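Visitor: Just passing along the structure, written as structure tokens.
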Amino acid sequence: MTKDPHELYWLKPGRYYLQGSEACVEGALMAGCRVFAGYPITPASEALEHAARRFPQVGGRFIQMEDEIGSASVLIGASWGGTKAMTVTSSPGFSLMQEAISIGIMSETPMVIVDIQRPGPGQGYITASQEDVMQARWGHHGEGAIIALAPASVQEMFDLTIEAFNLSERWRTPVLVMAEEPVAHLRELLYVGERKKINIFNRKKPQDLGIKPDAYLPWGHEVVAPMANWGDGYNVNFVGLVHKEDGNVTDWSPQVNYDCTRRLLSKIEENAREIAQIETKFIKGSRNVVISYGAVSRTAIEAVMEAREQNGLDLSYVRLKTLWPFPEESLREVINDVDNIFIPEMNFGMMKHPIVEALRDRCKNFVSIPSIGILHSPEHILSKIVEETK
Amino acid sequence: MSHGKRFEIRIAGFGGQGMVTIGRILGEAFSIYEGKNSANSQSYGPESRGGACKSEVVVADGEIYYPNVRRPDVLIALSQRALDTYLPDLRDSGILLIDPASVKDIPQPEKYRVHEIAAMAIAHEIGGVKYQNCVALGALYSLLAEVLKESSLRKAIADNVPPETVDINLKAFERGMSSVRRYGAEDWLRQ
Amino acid sequence: MLKYLKEEGLMGARLPLLLCPGCGHGQVLNYTLNAVDRLIKEDKIAKEKFLFISGVGCSSRLTSHYLNFDSGWTMHGRAVAVATGALLANPEFRVVVFTGDGDVASIGGNHFIHACRRNMDLTIVCMNNGLYGMTGGQQAPTSPRDMITTTTPYGNTEEAFDLCQMAEVSGASYVARWTTAHPHQVIKAIMKGIRKKGTAFIEILSQCPVHRKEEPAEMLAAYKRITIPVAKAKEGDKEKILVGEFCDHDKPDWNASYQRVIDRYKSKDV
């Protein structure tokens, strides 16, 4: 990674040796993000520091806010001000951002929040964790749905951050990148292709659809409403109240309330098949599946391959690239009738719940394999599997 | 494993000895300059200076899944506590590199290929204890000369230290290369 | 001023205002729109450049419902932070923050003092009624000692903030206090604030006749009685509330300072 401050706009095509946190920030820049607000917290501070160096280089703006609530609030203002914006934080800061996420969902604001999780509760510790994966879905007050991605490598910290921006712009929603310290602090090769070959999506505006200000319905026209930004001349009003499709917040009724929050929920949940991604290996005909996500999937695939090659075990591998919306349909497409589903997580079994809900008619035995505060070793996962399948 | 063989290096000591930097240097040397794949990670005790610190590099031609060291081929131990903690994991006949100033006691040295480098003393001579990491790196290089080119390491060092210290770090590296000794074999040389 | 208000629209009928009869906030809206109108005409600022952001509370209802401008009715206490974000996206916005004493100095206190410290280029119009109006009349950090409110039924045992002192000490460029009984001064102050590059904090004592259980006309008259302009204040006027301009600096706002960093470090191939 060059140190010349005048050299880099977007990463030029090539191979780089970067930390996950750095790759995440580079992905954001590649996606066109030009505002970064953050607050120092271990293990996310490296991302802030990298952003502080890089954002001015691309003509963007970095601000260290007074707290995480301020950081999340800046994302709302910057997004409505017309720019892609992001923050990177860790679990205690993530808790503080929930109100902003909530209003981001209601107001359908594109924004990206990266949570480099750490063990909790409370101050917890500063090492590896996946303890926020339920908070990602349910931490914001109120109904509504959200998109959360789980990168498993430095390459994915880059690729999935770009994807996070694309999804947030496409679906007009906050998108969470649920990272962990073992990947955020890991250094690995990052392959960057030509920018014009990378798919970058920008929010649709009413101007693009030929809709004039006096005909513009802020929450209408399409399933995902085109978004007029401040300064576009549309006299657009950001508001966090329950509203009708035409923007009316005055004529509240239970039906209006139902329709509004139902629409926000459906916007994401009904498009889960398109949004949510999984990855599989050795799945066809396998009776024992290991389902994992994020950093743990690195250990899981190592364990699965070793078990197959050295012990001749029938084990297959499924990785959730998207945590929310939960990829229920995709999972049911690849898992038909199995004996055991093993779910290693760096928590006591959080994603186990939607997995069981999705597959309880296809499997009798769901086994959590927790590791708290530290990434599982292959031995840890394998010994549990061997014990269970004896 | 079908994803290829791994070569694993673990560097351990206490915080402030520059292990994280040499882990990064090694990782970059292998990945950027040698065309291999590598994963470099680190972990700490809670204190930033003086607490336990470990840096790891996993090298492979193919894809690296589990990013941490499982059974190191090489252990650099820059403190007694680091040696006590991590020696049991080292492969039989693995390379063990220690600084005799801080590591006095090695159980069953005959199981391994043990070498020593007076990293702290040499660094002190050159200009400061903070250069001990590149001294150790030089020593390591001469033990791994078939696996890694000197030019790759020199370029990686230049990329990862403050520009005004590149020369002195390279000097530390060169001193390390020429000062590494087989453990126990040098007593008669010193007389 | 009506052209700056939405009478009808997607959000429903906007007029009459939902504010209580005699509420001072309607006056503040009037004065603000007067100021903005004069700036549009005198300084030829395009109407699209104006952006009104508010938090939550009676004062914050002035955005969105009524304004024919870009606006944001955001989170309680966070208007200043959201406004900061807008300025980072587009330094050319002329941002006016409508807020109240509780919104800006209680839950929003941290963002308030930091925005002043950063000298963000925004104009904070703080309607101070010394209580929480929307939620039913609870104490605020600006409620004087001994005041009876719904959460200080035995009398307030705490002291009140001096919001202008906080703004000034935190680094705001322009700080002034007036009341709803000083229309011309308020209009001039808001104009000056918007023209000022940097943080302008304009505190306007604004009557809440419903929760104070007083007649609005008497409250306005009282505002004239209990206040004294800074220029005229003498040693013996300790009982009175100072009004007027407390500071007026010209110094670079946050975006101007940061722009120097961008200009220096921006990549050559941008």
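Chain labels A, B, ... are given in the sequence in which chains occur in the structure tokens; within each chain residues are numbered consecutively from 1, and ligands are likewise numbered from 1 in the order shown.
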List every residue of region 138-367 of chain A that DSSP, applied to the backbone of this structure, places in helix (DSSP H, G or I), and write the result as number ranges by chain.

Guide: A: 138, 154-171, 181-184, 195-197, 213-215, 254-269, 272-275, 296-311, 328-334, 352-359

Visitor: Could you list the residues in chain A lying within 8 Å of chain C, using only C-alpha atoms, and format the result as a VMD selection string?

Guide: chain A and resid 5 to 9 34 to 35 56 to 61 66 70 to 71 73 to 83 100 103 217 230 to 240 246 to 251

Visitor: Just want the 12 Å neighbourhood of Val58 (chain B), counted on only C-alpha atoms, with same-chain residues fewer than 6 positions away dropped. Output as an MDAnalysis selection string.

Guide: (chainID A and resid 186:188) or (chainID B and resid 4:11 23:24 26:28 30:31 36:42 64:74)

Visitor: I need the chosen residues saved as a CSV table (one decimal), in the first residue's frame, with C-alpha atoms.

Guide:
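Dumped everything to result_1.csv:
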chain,number,residue,atom,x,y,z
A,186,LEU,CA,-6.5,-9.7,8.9
A,187,ARG,CA,-4.1,-8.9,6.1
A,188,GLU,CA,-4.7,-10.7,2.9
B,4,GLY,CA,-2.7,-27.0,-0.8
B,5,LYS,CA,0.0,-27.0,1.7
B,6,ARG,CA,0.5,-24.2,4.2
B,7,PHE,CA,3.7,-22.8,5.7
B,8,GLU,CA,3.1,-21.2,9.0
B,9,ILE,CA,5.1,-18.6,10.9
B,10,ARG,CA,4.4,-17.4,14.4
B,11,ILE,CA,6.2,-14.5,16.0
B,23,GLY,CA,4.4,-10.2,10.4
B,24,ARG,CA,3.1,-7.6,7.9
B,26,LEU,CA,6.6,-11.1,5.7
B,27,GLY,CA,3.0,-11.3,4.6
B,28,GLU,CA,3.6,-8.6,2.0
B,30,PHE,CA,5.2,-13.4,0.2
B,31,SER,CA,1.9,-12.0,-1.3
B,36,LYS,CA,2.0,-16.5,-3.1
B,37,ASN,CA,-1.1,-16.2,-0.9
B,38,SER,CA,-0.7,-15.2,2.7
B,39,ALA,CA,-2.8,-14.3,5.7
B,40,ASN,CA,-1.3,-12.2,8.5
B,41,SER,CA,-3.0,-11.6,11.8
B,42,GLN,CA,-2.1,-10.6,15.3
B,64,ILE,CA,-6.1,-20.0,2.6
B,65,TYR,CA,-9.3,-20.8,4.6
B,66,TYR,CA,-8.5,-20.9,8.3
B,67,PRO,CA,-6.5,-17.7,8.6
B,68,ASN,CA,-4.6,-18.5,11.8
B,69,VAL,CA,-1.6,-20.7,12.5
B,70,ARG,CA,-2.5,-24.3,13.4
B,71,ARG,CA,1.0,-25.9,13.8
B,72,PRO,CA,3.7,-23.4,13.1
B,73,ASP,CA,6.7,-24.4,11.0
B,74,VAL,CA,8.6,-21.5,12.4

Visitor: Which residues are close to region 142-152 of chain B, i.e. within 6 Å by only C-alpha atoms, leaving aside same-chain residues fewer than 3 positions away? Reply as a list in words.

Guide: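 Non-adjacent residues within range: Ala29, Tyr33, Ala139, Lys155 and Met177 of chain B.
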
Visitor: Set the distance at 12 Å and use only C-alpha atoms: which residues neighbour region 179-181 of chain B once local chain neighbours fewer than 4 positions away are removed? I'd like the list as a PyMOL selection string.

Guide: chain B and resi 96-100+113-119+121-123+135-143+172-175+185-187+189-190

Visitor: Would you kindly return, as a PyMOL selection string, each protein, DNA or RNA residue with an atom no farther than 8 Å from any atom of Ile162 (chain A), considering only C-alpha atoms and excluding same-chain residues fewer than 3 positions away?

Guide: chain A and resi 27-28+30-31+158-159+165-166+200

Visitor: Hey, list the chain A side of the contact with chain B: 12 Å cut-off, only C-alpha atoms, answer as a PDB file with N, CA and C atoms, in the first residue's frame.

Guide:
ATOM      1  N   MET A   1       0.865  -1.196   0.000  1.00  0.00           N
ATOM      2  CA  MET A   1       0.000   0.000   0.000  1.00  0.00           C
ATOM      3  C   MET A   1       0.887   1.227   0.000  1.00  0.00           C
ATOM      4  N   THR A   2       0.776   2.023  -1.011  1.00  0.00           N
ATOM      5  CA  THR A   2       1.655   3.181  -1.117  1.00  0.00           C
ATOM      6  C   THR A   2       1.348   4.188  -0.035  1.00  0.00           C
ATOM      7  N   LYS A   3       2.364   4.949   0.319  1.00  0.00           N
ATOM      8  CA  LYS A   3       2.151   5.944   1.343  1.00  0.00           C
ATOM      9  C   LYS A   3       2.075   7.354   0.770  1.00  0.00           C
ATOM     10  N   ASP A   4       2.220   7.495  -0.534  1.00  0.00           N
ATOM     11  CA  ASP A   4       2.196   8.838  -1.115  1.00  0.00           C
ATOM     12  C   ASP A   4       0.772   9.389  -1.067  1.00  0.00           C
ATOM     13  N   GLY A  14      -5.277  -4.130  -9.627  1.00  0.00           N
ATOM     14  CA  GLY A  14      -4.038  -4.764  -9.195  1.00  0.00           C
ATOM     15  C   GLY A  14      -4.239  -5.563  -7.937  1.00  0.00           C
ATOM     16  N   ARG A  15      -3.125  -6.014  -7.363  1.00  0.00           N
ATOM     17  CA  ARG A  15      -3.137  -6.795  -6.140  1.00  0.00           C
ATOM     18  C   ARG A  15      -2.637  -5.920  -5.006  1.00  0.00           C
ATOM     19  N   TYR A  16      -3.359  -5.952  -3.906  1.00  0.00           N
ATOM     20  CA  TYR A  16      -2.973  -5.165  -2.747  1.00  0.00           C
ATOM     21  C   TYR A  16      -2.937  -6.066  -1.527  1.00  0.00           C
ATOM     22  N   TYR A  17      -2.117  -5.704  -0.573  1.00  0.00           N
ATOM     23  CA  TYR A  17      -2.066  -6.464   0.676  1.00  0.00           C
ATOM     24  C   TYR A  17      -2.605  -5.540   1.758  1.00  0.00           C
ATOM     25  N   LEU A  18      -3.844  -5.736   2.118  1.00  0.00           N
ATOM     26  CA  LEU A  18      -4.507  -4.779   3.002  1.00  0.00           C
ATOM     27  C   LEU A  18      -5.174  -5.457   4.181  1.00  0.00           C
ATOM     28  N   GLN A  19      -5.439  -4.673   5.190  1.00  0.00           N
ATOM     29  CA  GLN A  19      -6.238  -5.118   6.316  1.00  0.00           C
ATOM     30  C   GLN A  19      -7.713  -5.060   5.915  1.00  0.00           C
ATOM     31  N   GLY A  20      -8.511  -5.921   6.497  1.00  0.00           N
ATOM     32  CA  GLY A  20      -9.943  -5.919   6.194  1.00  0.00           C
ATOM     33  C   GLY A  20     -10.579  -4.549   6.348  1.00  0.00           C
ATOM     34  N   THR A  42     -12.393   0.437  19.685  1.00  0.00           N
ATOM     35  CA  THR A  42     -11.691  -0.786  19.310  1.00  0.00           C
ATOM     36  C   THR A  42     -12.740  -1.838  18.996  1.00  0.00           C
ATOM     37  N   PRO A  43     -12.606  -2.635  17.984  1.00  0.00           N
ATOM     38  CA  PRO A  43     -11.546  -2.741  16.983  1.00  0.00           C
ATOM     39  C   PRO A  43     -11.855  -2.063  15.647  1.00  0.00           C
ATOM     40  N   TYR A 125     -15.339  -7.341  25.495  1.00  0.00           N
ATOM     41  CA  TYR A 125     -13.914  -7.374  25.234  1.00  0.00           C
ATOM     42  C   TYR A 125     -13.669  -6.883  23.817  1.00  0.00           C
ATOM     43  N   ILE A 126     -12.427  -6.975  23.374  1.00  0.00           N
ATOM     44  CA  ILE A 126     -12.100  -6.349  22.093  1.00  0.00           C
ATOM     45  C   ILE A 126     -11.765  -7.361  21.020  1.00  0.00           C
ATOM     46  N   THR A 127     -12.108  -8.629  21.254  1.00  0.00           N
ATOM     47  CA  THR A 127     -11.708  -9.655  20.298  1.00  0.00           C
ATOM     48  C   THR A 127     -12.874 -10.070  19.406  1.00  0.00           C
ATOM     49  N   ALA A 128     -12.888 -11.339  19.027  1.00  0.00           N
ATOM     50  CA  ALA A 128     -13.798 -11.793  17.990  1.00  0.00           C
ATOM     51  C   ALA A 128     -15.199 -12.056  18.529  1.00  0.00           C
ATOM     52  N   ALA A 152     -16.466 -12.477   4.727  1.00  0.00           N
ATOM     53  CA  ALA A 152     -15.650 -13.520   5.340  1.00  0.00           C
ATOM     54  C   ALA A 152     -14.169 -13.399   4.993  1.00  0.00           C
ATOM     55  N   SER A 153     -13.790 -12.351   4.278  1.00  0.00           N
ATOM     56  CA  SER A 153     -12.391 -12.223   3.877  1.00  0.00           C
ATOM     57  C   SER A 153     -12.104 -10.759   3.591  1.00  0.00           C
ATOM     58  N   VAL A 154     -10.826 -10.458   3.425  1.00  0.00           N
ATOM     59  CA  VAL A 154     -10.446  -9.091   3.079  1.00  0.00           C
ATOM     60  C   VAL A 154     -11.065  -8.738   1.720  1.00  0.00           C
ATOM     61  N   GLN A 155     -11.050  -9.684   0.804  1.00  0.00           N
ATOM     62  CA  GLN A 155     -11.665  -9.442  -0.514  1.00  0.00           C
ATOM     63  C   GLN A 155     -13.133  -9.078  -0.350  1.00  0.00           C
ATOM     64  N   GLU A 181     -13.673  -8.920  14.151  1.00  0.00           N
ATOM     65  CA  GLU A 181     -12.268  -8.530  14.298  1.00  0.00           C
ATOM     66  C   GLU A 181     -11.307  -9.441  13.543  1.00  0.00           C
ATOM     67  N   PRO A 182     -11.490 -10.782  13.544  1.00  0.00           N
ATOM     68  CA  PRO A 182     -10.515 -11.616  12.828  1.00  0.00           C
ATOM     69  C   PRO A 182     -10.400 -11.275  11.342  1.00  0.00           C
ATOM     70  N   VAL A 183     -11.456 -10.783  10.737  1.00  0.00           N
ATOM     71  CA  VAL A 183     -11.369 -10.406   9.318  1.00  0.00           C
ATOM     72  C   VAL A 183     -11.008  -8.929   9.187  1.00  0.00           C
ATOM     73  N   ALA A 184     -11.495  -8.090  10.105  1.00  0.00           N
ATOM     74  CA  ALA A 184     -11.195  -6.660  10.024  1.00  0.00           C
ATOM     75  C   ALA A 184      -9.704  -6.390  10.206  1.00  0.00           C
ATOM     76  N   HIS A 185      -9.072  -7.189  11.057  1.00  0.00           N
ATOM     77  CA  HIS A 185      -7.649  -6.962  11.331  1.00  0.00           C
ATOM     78  C   HIS A 185      -6.734  -7.886  10.538  1.00  0.00           C
ATOM     79  N   LEU A 186      -7.319  -8.738   9.717  1.00  0.00           N
ATOM     80  CA  LEU A 186      -6.534  -9.686   8.930  1.00  0.00           C
ATOM     81  C   LEU A 186      -5.946  -8.981   7.717  1.00  0.00           C
ATOM     82  N   ARG A 187      -4.710  -9.360   7.344  1.00  0.00           N
ATOM     83  CA  ARG A 187      -4.141  -8.858   6.098  1.00  0.00           C
ATOM     84  C   ARG A 187      -4.085  -9.987   5.095  1.00  0.00           C
ATOM     85  N   GLU A 188      -4.617  -9.713   3.926  1.00  0.00           N
ATOM     86  CA  GLU A 188      -4.656 -10.725   2.872  1.00  0.00           C
ATOM     87  C   GLU A 188      -4.626  -9.999   1.549  1.00  0.00           C
ATOM     88  N   LEU A 189      -4.526 -10.780   0.485  1.00  0.00           N
ATOM     89  CA  LEU A 189      -4.556 -10.183  -0.836  1.00  0.00           C
ATOM     90  C   LEU A 189      -5.939  -9.657  -1.181  1.00  0.00           C
ATOM     91  N   LEU A 190      -5.946  -8.507  -1.795  1.00  0.00           N
ATOM     92  CA  LEU A 190      -7.163  -7.929  -2.334  1.00  0.00           C
ATOM     93  C   LEU A 190      -6.930  -7.725  -3.826  1.00  0.00           C
ATOM     94  N   TYR A 191      -7.826  -8.271  -4.630  1.00  0.00           N
ATOM     95  CA  TYR A 191      -7.730  -8.089  -6.078  1.00  0.00           C
ATOM     96  C   TYR A 191      -8.738  -7.024  -6.482  1.00  0.00           C
ATOM     97  N   GLY A 294     -19.544 -15.251   7.973  1.00  0.00           N
ATOM     98  CA  GLY A 294     -18.469 -14.381   8.437  1.00  0.00           C
ATOM     99  C   GLY A 294     -17.167 -15.130   8.659  1.00  0.00           C
ATOM    100  N   ALA A 295     -16.392 -14.648   9.622  1.00  0.00           N
ATOM    101  CA  ALA A 295     -15.076 -15.210   9.883  1.00  0.00           C
ATOM    102  C   ALA A 295     -15.142 -16.706  10.199  1.00  0.00           C
ATOM    103  N   VAL A 296     -16.178 -17.117  10.884  1.00  0.00           N
ATOM    104  CA  VAL A 296     -16.286 -18.523  11.284  1.00  0.00           C
ATOM    105  C   VAL A 296     -16.323 -19.437  10.064  1.00  0.00           C
ATOM    106  N   SER A 297     -16.822 -18.933   8.954  1.00  0.00           N
ATOM    107  CA  SER A 297     -16.893 -19.793   7.766  1.00  0.00           C
ATOM    108  C   SER A 297     -15.496 -20.162   7.273  1.00  0.00           C
ATOM    109  N   ARG A 298     -14.489 -19.343   7.615  1.00  0.00           N
ATOM    110  CA  ARG A 298     -13.109 -19.694   7.243  1.00  0.00           C
ATOM    111  C   ARG A 298     -12.689 -20.968   7.971  1.00  0.00           C
ATOM    112  N   THR A 299     -13.032 -21.027   9.247  1.00  0.00           N
ATOM    113  CA  THR A 299     -12.718 -22.223  10.026  1.00  0.00           C
ATOM    114  C   THR A 299     -13.583 -23.385   9.569  1.00  0.00           C
ATOM    115  N   ALA A 300     -14.849 -23.098   9.325  1.00  0.00           N
ATOM    116  CA  ALA A 300     -15.784 -24.159   8.970  1.00  0.00           C
ATOM    117  C   ALA A 300     -15.357 -24.879   7.698  1.00  0.00           C
ATOM    118  N   ILE A 301     -14.970 -24.136   6.665  1.00  0.00           N
ATOM    119  CA  ILE A 301     -14.596 -24.808   5.410  1.00  0.00           C
ATOM    120  C   ILE A 301     -13.307 -25.611   5.593  1.00  0.00           C
ATOM    121  N   GLU A 302     -12.406 -25.073   6.420  1.00  0.00           N
ATOM    122  CA  GLU A 302     -11.171 -25.817   6.705  1.00  0.00           C
ATOM    123  C   GLU A 302     -11.525 -27.138   7.380  1.00  0.00           C
ATOM    124  N   ALA A 303     -12.429 -27.071   8.348  1.00  0.00           N
ATOM    125  CA  ALA A 303     -12.838 -28.278   9.079  1.00  0.00           C
ATOM    126  C   ALA A 303     -13.557 -29.256   8.160  1.00  0.00           C
ATOM    127  N   VAL A 304     -14.434 -28.731   7.334  1.00  0.00           N
ATOM    128  CA  VAL A 304     -15.202 -29.595   6.433  1.00  0.00           C
ATOM    129  C   VAL A 304     -14.269 -30.325   5.461  1.00  0.00           C
ATOM    130  N   MET A 305     -13.313 -29.594   4.916  1.00  0.00           N
ATOM    131  CA  MET A 305     -12.410 -30.223   3.943  1.00  0.00           C
ATOM    132  C   MET A 305     -11.522 -31.262   4.609  1.00  0.00           C
ATOM    133  N   GLU A 306     -11.060 -30.926   5.795  1.00  0.00           N
ATOM    134  CA  GLU A 306     -10.210 -31.881   6.503  1.00  0.00           C
ATOM    135  C   GLU A 306     -11.013 -33.134   6.847  1.00  0.00           C
ATOM    136  N   ALA A 307     -12.244 -32.936   7.317  1.00  0.00           N
ATOM    137  CA  ALA A 307     -13.087 -34.074   7.695  1.00  0.00           C
ATOM    138  C   ALA A 307     -13.354 -34.980   6.499  1.00  0.00           C
ATOM    139  N   ARG A 308     -13.591 -34.382   5.357  1.00  0.00           N
ATOM    140  CA  ARG A 308     -13.886 -35.174   4.158  1.00  0.00           C
ATOM    141  C   ARG A 308     -12.648 -35.911   3.684  1.00  0.00           C
ATOM    142  N   GLU A 309     -11.519 -35.206   3.651  1.00  0.00           N
ATOM    143  CA  GLU A 309     -10.319 -35.806   3.065  1.00  0.00           C
ATOM    144  C   GLU A 309      -9.615 -36.751   4.013  1.00  0.00           C
ATOM    145  N   GLN A 310      -9.529 -36.344   5.266  1.00  0.00           N
ATOM    146  CA  GLN A 310      -8.730 -37.174   6.165  1.00  0.00           C
ATOM    147  C   GLN A 310      -9.555 -38.183   6.941  1.00  0.00           C
ATOM    148  N   ASN A 311     -10.808 -37.859   7.189  1.00  0.00           N
ATOM    149  CA  ASN A 311     -11.630 -38.795   7.953  1.00  0.00           C
ATOM    150  C   ASN A 311     -12.751 -39.429   7.144  1.00  0.00           C
ATOM    151  N   ILE A 374     -13.397 -15.690  20.731  1.00  0.00           N
ATOM    152  CA  ILE A 374     -12.267 -16.142  19.920  1.00  0.00           C
ATOM    153  C   ILE A 374     -12.795 -16.933  18.736  1.00  0.00           C
ATOM    154  N   LEU A 375     -12.085 -16.820  17.617  1.00  0.00           N
ATOM    155  CA  LEU A 375     -12.494 -17.564  16.434  1.00  0.00           C
ATOM    156  C   LEU A 375     -12.331 -19.060  16.686  1.00  0.00           C
ATOM    157  N   HIS A 376     -13.321 -19.848  16.230  1.00  0.00           N
ATOM    158  CA  HIS A 376     -13.202 -21.302  16.371  1.00  0.00           C
ATOM    159  C   HIS A 376     -11.929 -21.781  15.679  1.00  0.00           C
ATOM    160  N   SER A 377     -11.315 -22.825  16.255  1.00  0.00           N
ATOM    161  CA  SER A 377     -10.259 -23.526  15.528  1.00  0.00           C
ATOM    162  C   SER A 377     -10.921 -24.684  14.787  1.00  0.00           C
ATOM    163  N   PRO A 378     -10.296 -25.185  13.726  1.00  0.00           N
ATOM    164  CA  PRO A 378     -10.888 -26.336  13.029  1.00  0.00           C
ATOM    165  C   PRO A 378     -11.092 -27.518  13.973  1.00  0.00           C
ATOM    166  N   GLU A 379     -10.156 -27.699  14.913  1.00  0.00           N
ATOM    167  CA  GLU A 379     -10.261 -28.816  15.854  1.00  0.00           C
ATOM    168  C   GLU A 379     -11.532 -28.703  16.695  1.00  0.00           C
ATOM    169  N   HIS A 380     -11.844 -27.484  17.113  1.00  0.00           N
ATOM    170  CA  HIS A 380     -13.022 -27.243  17.930  1.00  0.00           C
ATOM    171  C   HIS A 380     -14.277 -27.691  17.186  1.00  0.00           C
ATOM    172  N   ILE A 381     -14.413 -27.252  15.952  1.00  0.00           N
ATOM    173  CA  ILE A 381     -15.614 -27.601  15.193  1.00  0.00           C
ATOM    174  C   ILE A 381     -15.657 -29.099  14.918  1.00  0.00           C
TER     175      ILE A 381
END

Visitor: At what distance in Å, to one decimal, does CA of Gly55 (chain C) lie from CA of Thr99 (chain C)?

Guide: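 Taking CA of Thr99 (chain C) and CA of Gly55 (chain C), their separation equals 6.2 Å.
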
Visitor: When you look at Tyr66 (chain C) with a cut-off of 10 Å (counting only C-alpha atoms), what residues show up, excluding the ones that are within fewer than 6 positions of it in the same chain? I need them as number ranges by chain.

Guide: C: 2, 4-9, 11, 13-17, 29

Visitor: Would you write out those residues with C-alpha atoms, as a PDB file, in the first residue's frame?

Guide:
ATOM      1  CA  LEU C   2     -47.350  32.766   2.359  1.00  0.00           C
ATOM      2  CA  TYR C   4     -42.957  30.112   1.559  1.00  0.00           C
ATOM      3  CA  LEU C   5     -45.637  28.093   3.246  1.00  0.00           C
ATOM      4  CA  LYS C   6     -47.530  25.122   2.011  1.00  0.00           C
ATOM      5  CA  GLU C   7     -51.222  25.626   2.531  1.00  0.00           C
ATOM      6  CA  GLU C   8     -52.217  22.349   1.081  1.00  0.00           C
ATOM      7  CA  GLY C   9     -50.128  19.483   0.015  1.00  0.00           C
ATOM      8  CA  MET C  11     -49.126  16.014   3.997  1.00  0.00           C
ATOM      9  CA  ALA C  13     -53.929  20.802   5.145  1.00  0.00           C
ATOM     10  CA  ARG C  14     -51.136  22.788   6.693  1.00  0.00           C
ATOM     11  CA  LEU C  15     -52.965  25.835   7.797  1.00  0.00           C
ATOM     12  CA  PRO C  16     -54.059  26.841  10.347  1.00  0.00           C
ATOM     13  CA  LEU C  17     -50.876  26.006  12.264  1.00  0.00           C
ATOM     14  CA  LEU C  29     -41.562  31.204  11.912  1.00  0.00           C
TER      15      LEU C  29
END

Visitor: Please report the interatomic distance between CA of Ser54 (chain C) and CA of Ile194 (chain C) in Å with one decimal.

Guide: 15.9 Å

Visitor: DSSP on the backbone: what in region 50-262 of chain A comes out strand (DSSP E or B), as a ChimeraX atom specification?

Guide: /A:61-64,85-90,111-117,128,147-149,174-180,187-192,237-239
